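For reference, the structure is listed below as structure tokens.
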Amino acid sequence: MSNQPILVMENITKVYGNGFVANKDVNFSVQAGEIHALVGENGAGKSTLMKILFGEEKADFGRILLRGEELHLTNPMSAIRQGIGMVHQHFMLAPSLTVVENIIMGMEPQKFGFIDREAAEKACREVAEKYNFQIDINKRVEQLSVGMKQKVEILKALIRGAQILILDEPTAVLTPQETEELFAQLLKLKSDGHTIIFISHKLKEVKQLCDKITVLRRGRSVGEHPVNDLTEEDISRLMVGRDVILKIDKAPIRLGETVLKIRDLLVQGDSGKKGLQSVSFDVRKGEILGVAGIEGNGQRELADAIGGLLEFQSGEILLNNKSIKGKTIREIRENGISHVPEDRMIFGVSQENSVMENLISDRFYKKDYNRFGLLNFKKIKKMVAELIKTYLIKCDDGEQQVRMLSGGNIQKVVVARECSQNPQMVVFNQPTRGIDVGAIEFVHKRILQLRDTGTAVLLISADLNEILELSDSLIVLCEGKIAAYFKDTKDMTETELGEYMLGIKRMTEEEIGGAVHE
């Protein structure tokens, strides 16, 4: 590796129209042929900095140098022409098109005025073989696993000549096996001279993969370090500005009676597909039951059916032995079920409304806050102020729009609303996805507090470390069915769990039946 950086971002400052300072005098440099981690809390400025590098945003001050030459990036196409590619956390693929059609989109080879399919396939195969990406280029994207879709995104960037590759949370929904495979391919890219900027909240993976690390905090860079010089605790401290407890310490479990019973549940997925097929299990008071599985194997359908967002075709969902079938979402919530949904921005909050309006959205009609159709704002403001303080929500006040908060603080708003009315049962679906270590620590503590005070918790997560650390017992979903049940998780490994998630292993029906406690 040369001592001279291939890329330098000098004194980058970005201030949005509302006065929010996203980046302030940020310096960031990367050497050719290295994997460089960029970490920080939500709202620290990582995404803004990378959007500036990829031409999606324009800095107010500062400059970008590539191989010593100043760049003037006006849009992503100008960045791509300079050899800078970006794979976003949420894939930008057309599901109904094939792999090759997605990869060549916008740069289709022509022959006699038509797309030269043979040349397109040849170009895609060559780039896939060059970087050892095993993929069927004629499959439709909707038929691919999450890991394969990510490979398509990376190949899209590589075929366009990307020498610097920005990866935003690339392992967020991958199994350990898929993550291991991705890392092998990233190391191959590195050995071939590519430079990779790796954005992640998973500090264990940063330590495993990356050469150097730059930490952002509150819009400023707080240092660049060789990864080997720092522990995970050191990185967390730099990100948050205080010590963060990474190891989860659980009190002994105290099980009560069964709160939630699921029996032979069948729920249709998107386009009429079966999201869940004959699923049965119980969740008891004081228990965290984890649900693991590769994304798209029925987890969302399960959470949404329990929360009343999705109808189920057959089977039963019983809360304290009473069916929730046919009940409205409000009736389900009144009966004691709370739901922290997978997509906080669509189902968790109303972005244009205030923190206060989001926090009272599930209780404004109750007599404590509403008398004869008139809201008791004095009482509401007091309650909101208490929740902001208790749940450590960083905001100006209750009047601030939710969309102005960082991802971690938006999630705290959702968790505060869902956990503050003494629920009997809480469904957490991906509770820490895309949030930083400080917010993760807080959410984990809140989940354990619920458990320890006798609440039943269903925890659905793609973060296998999270699910193994927090869960008391665990089921694995594969193709809409329970593939495994573990009475406890203390001896489980991520690798073993991944084998059940991928369908490599499956327990017997008798073993799976242990998830029902009658």
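Ordering of the structure tokens sets the chain letters (A, B, ...); residue numbers start at 1 within each chain; ligands are numbered from 1 in the order shown.
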
Using DSSP on the backbone, list every residue of segment 135-343 of chain A that comes out as strand (DSSP E or B), and give them as a PyMOL selection string.
chain A and resi 140+164-168+195-199+212-217+220-226+258-268+274-284+288-292+314-319+322-323+337-340

Tell me which protein, DNA and RNA residues are within 10 Å of segment 378-395 of chain A, counting only C-alpha atoms, leaving out same-chain ones fewer than 5 positions away, and put them as a PyMOL selection string.
chain A and resi 355-360+363-364+368-370+400-402+404-406+408-413+415-417+420+439+442-443+446

Write out as a PyMOL selection string each polymer residue whose atoms come within 9 Å of Ser96 of chain A, counting only C-alpha atoms; drop sequence neighbours fewer than 4 positions from it.
chain A and resi 140-143

What does the file look like for those residues with C-alpha atoms, as an mmCIF file, in the first residue's frame?
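Saved file part37.cif follows:
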```cif
data_model
loop_
_atom_site.group_PDB
_atom_site.id
_atom_site.type_symbol
_atom_site.label_atom_id
_atom_site.label_comp_id
_atom_site.auth_asym_id
_atom_site.auth_seq_id
_atom_site.Cartn_x
_atom_site.Cartn_y
_atom_site.Cartn_z
ATOM 1 C CA ARG A 140 -34.936 -12.936 -11.614
ATOM 2 C CA VAL A 141 -33.819 -10.837 -8.657
ATOM 3 C CA GLU A 142 -37.019 -11.648 -6.725
ATOM 4 C CA GLN A 143 -35.902 -15.308 -6.684
#
```

Those of segment 76-280 of chain A in DSSP alpha helix (DSSP H), formatted as number ranges by chain
A: 76-81, 99-104, 117-130, 146-159, 176-191, 203-209, 232-240

Tell me which protein, DNA and RNA residues are within 9 Å of segment 20-33 of chain A, counting only C-alpha atoms, leaving out same-chain ones fewer than 3 positions away, and put them as a PyMOL selection string.
chain A and resi 1-17+36+43-46+48-49+59+61-62+163-164+189-197+212+214+216+218-222+224+404

Excluding Ala119 of chain A and its own-chain neighbours fewer than 3 positions away, which residues fall within 12 Å of it when counting only C-alpha atoms? Please give them as a PDB file with N, CA, C and O atoms, in the first residue's frame.
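Now in around_29.pdb:
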```pdb
ATOM      1  N   VAL A 100     -28.805 -10.130 -14.920  1.00  0.00           N
ATOM      2  CA  VAL A 100     -28.075  -9.455 -15.988  1.00  0.00           C
ATOM      3  C   VAL A 100     -28.781  -8.157 -16.385  1.00  0.00           C
ATOM      4  O   VAL A 100     -28.126  -7.147 -16.653  1.00  0.00           O
ATOM      5  N   GLU A 101     -30.111  -8.156 -16.392  1.00  0.00           N
ATOM      6  CA  GLU A 101     -30.852  -6.947 -16.757  1.00  0.00           C
ATOM      7  C   GLU A 101     -30.633  -5.835 -15.724  1.00  0.00           C
ATOM      8  O   GLU A 101     -30.549  -4.657 -16.066  1.00  0.00           O
ATOM      9  N   ILE A 104     -26.784  -4.437 -16.089  1.00  0.00           N
ATOM     10  CA  ILE A 104     -26.453  -3.615 -17.262  1.00  0.00           C
ATOM     11  C   ILE A 104     -27.394  -2.425 -17.451  1.00  0.00           C
ATOM     12  O   ILE A 104     -27.231  -1.648 -18.400  1.00  0.00           O
ATOM     13  N   MET A 107     -26.616   0.915 -19.223  1.00  0.00           N
ATOM     14  CA  MET A 107     -25.383   0.799 -20.019  1.00  0.00           C
ATOM     15  C   MET A 107     -25.476  -0.430 -20.948  1.00  0.00           C
ATOM     16  O   MET A 107     -24.513  -1.135 -21.190  1.00  0.00           O
ATOM     17  N   GLU A 108     -26.698  -0.646 -21.445  1.00  0.00           N
ATOM     18  CA  GLU A 108     -26.969  -1.826 -22.254  1.00  0.00           C
ATOM     19  C   GLU A 108     -26.169  -1.824 -23.562  1.00  0.00           C
ATOM     20  O   GLU A 108     -26.200  -0.826 -24.300  1.00  0.00           O
ATOM     21  N   PRO A 109     -25.448  -2.900 -23.870  1.00  0.00           N
ATOM     22  CA  PRO A 109     -24.759  -2.985 -25.161  1.00  0.00           C
ATOM     23  C   PRO A 109     -25.789  -3.085 -26.294  1.00  0.00           C
ATOM     24  O   PRO A 109     -26.828  -3.747 -26.141  1.00  0.00           O
ATOM     25  N   GLN A 110     -25.525  -2.427 -27.418  1.00  0.00           N
ATOM     26  CA  GLN A 110     -26.489  -2.358 -28.518  1.00  0.00           C
ATOM     27  C   GLN A 110     -25.973  -3.104 -29.745  1.00  0.00           C
ATOM     28  O   GLN A 110     -24.767  -3.171 -29.998  1.00  0.00           O
ATOM     29  N   LYS A 111     -26.907  -3.661 -30.497  1.00  0.00           N
ATOM     30  CA  LYS A 111     -26.597  -4.295 -31.781  1.00  0.00           C
ATOM     31  C   LYS A 111     -27.794  -4.099 -32.700  1.00  0.00           C
ATOM     32  O   LYS A 111     -28.897  -4.544 -32.394  1.00  0.00           O
ATOM     33  N   PHE A 114     -30.858  -2.692 -31.053  1.00  0.00           N
ATOM     34  CA  PHE A 114     -31.482  -3.475 -29.990  1.00  0.00           C
ATOM     35  C   PHE A 114     -30.433  -3.856 -28.937  1.00  0.00           C
ATOM     36  O   PHE A 114     -29.229  -3.820 -29.197  1.00  0.00           O
ATOM     37  N   ILE A 115     -30.938  -4.247 -27.750  1.00  0.00           N
ATOM     38  CA  ILE A 115     -30.018  -4.708 -26.709  1.00  0.00           C
ATOM     39  C   ILE A 115     -29.349  -6.001 -27.161  1.00  0.00           C
ATOM     40  O   ILE A 115     -30.023  -6.941 -27.583  1.00  0.00           O
ATOM     41  N   ASP A 116     -28.031  -6.013 -27.085  1.00  0.00           N
ATOM     42  CA  ASP A 116     -27.260  -7.205 -27.441  1.00  0.00           C
ATOM     43  C   ASP A 116     -27.193  -8.109 -26.207  1.00  0.00           C
ATOM     44  O   ASP A 116     -26.315  -7.976 -25.354  1.00  0.00           O
ATOM     45  N   LYS A 122     -22.237 -11.942 -21.551  1.00  0.00           N
ATOM     46  CA  LYS A 122     -20.786 -12.181 -21.562  1.00  0.00           C
ATOM     47  C   LYS A 122     -20.073 -11.221 -20.600  1.00  0.00           C
ATOM     48  O   LYS A 122     -19.215 -11.640 -19.805  1.00  0.00           O
ATOM     49  N   ALA A 123     -20.454  -9.947 -20.648  1.00  0.00           N
ATOM     50  CA  ALA A 123     -19.828  -8.947 -19.778  1.00  0.00           C
ATOM     51  C   ALA A 123     -20.106  -9.249 -18.309  1.00  0.00           C
ATOM     52  O   ALA A 123     -19.210  -9.137 -17.456  1.00  0.00           O
ATOM     53  N   CYS A 124     -21.336  -9.665 -18.010  1.00  0.00           N
ATOM     54  CA  CYS A 124     -21.710  -9.970 -16.621  1.00  0.00           C
ATOM     55  C   CYS A 124     -20.976 -11.208 -16.113  1.00  0.00           C
ATOM     56  O   CYS A 124     -20.499 -11.240 -14.977  1.00  0.00           O
ATOM     57  N   ARG A 125     -20.893 -12.237 -16.966  1.00  0.00           N
ATOM     58  CA  ARG A 125     -20.187 -13.465 -16.553  1.00  0.00           C
ATOM     59  C   ARG A 125     -18.714 -13.177 -16.298  1.00  0.00           C
ATOM     60  O   ARG A 125     -18.118 -13.692 -15.338  1.00  0.00           O
ATOM     61  N   GLU A 126     -18.118 -12.351 -17.147  1.00  0.00           N
ATOM     62  CA  GLU A 126     -16.686 -12.046 -17.002  1.00  0.00           C
ATOM     63  C   GLU A 126     -16.398 -11.338 -15.686  1.00  0.00           C
ATOM     64  O   GLU A 126     -15.447 -11.689 -14.976  1.00  0.00           O
TER      65      GLU A 126
END
```

To one decimal in Å, tell me the separation between atom CA of Ile460 of chain A and atom CA of His339 of chain A.
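Interatomic distance here is 11.2 Å.
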
For Met425 of chain A, the closest of A:Ile159, A:Ala292, A:Ile337, A:Leu209 counting only C-alpha atoms is A:Ile337

Would you kindly return, as a list in words, each protein, DNA or RNA residue with an atom no farther than 9 Å from any atom of Leu302 of chain A, considering only C-alpha atoms and excluding same-chain residues fewer than 3 positions away?
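Contacts, with the query itself left out: Leu265, Val267, Gly275, Leu276, Gly298, Gln299, Ala305, Ile306, Gly307 and Leu310 of chain A.
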
Judged by only C-alpha atoms, the minimum distance to Leu167 of chain A among A:Val457, A:Ile84, A:Ala484, A:Leu448 is found for A:Ile84

Can you pull out every residue within 9 Å of Glu257 of chain A, counting only C-alpha atoms, but drop anything in the same chain fewer than 5 positions away, and send it as a PDB file with C-alpha atoms, in the first residue's frame?
```
ATOM      1  CA  VAL A 283     -44.582 -17.140  24.929  1.00  0.00           C
ATOM      2  CA  ARG A 284     -44.731 -16.966  28.729  1.00  0.00           C
ATOM      3  CA  LYS A 285     -44.585 -14.145  31.254  1.00  0.00           C
ATOM      4  CA  GLY A 286     -41.001 -13.121  31.967  1.00  0.00           C
ATOM      5  CA  ASN A 320     -54.493 -14.902  27.708  1.00  0.00           C
TER       6      ASN A 320
END
```

Which residue of A:Val340, A:Leu458, A:Val206, A:Met507 approaches Lys481 of chain A most closely, using only C-alpha atoms
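Among the listed residues, the smallest separation from Lys481 of chain A belongs to A:Met507.
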
For each of A:Ser280, A:Asn228, A:Gln134, A:Thr258, take the minimum atom-to-atom distance to Gly480 of chain A, counting only C-alpha atoms, then give the residue where this is smallest.
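Nearest candidate to Gly480 of chain A out of A:Ser280, A:Asn228, A:Gln134, A:Thr258: A:Ser280.
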
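If you look at atom CA of Glu399 of chain A and atom CA of Ile447 of chain A, they are 26.9 Å away from each other.
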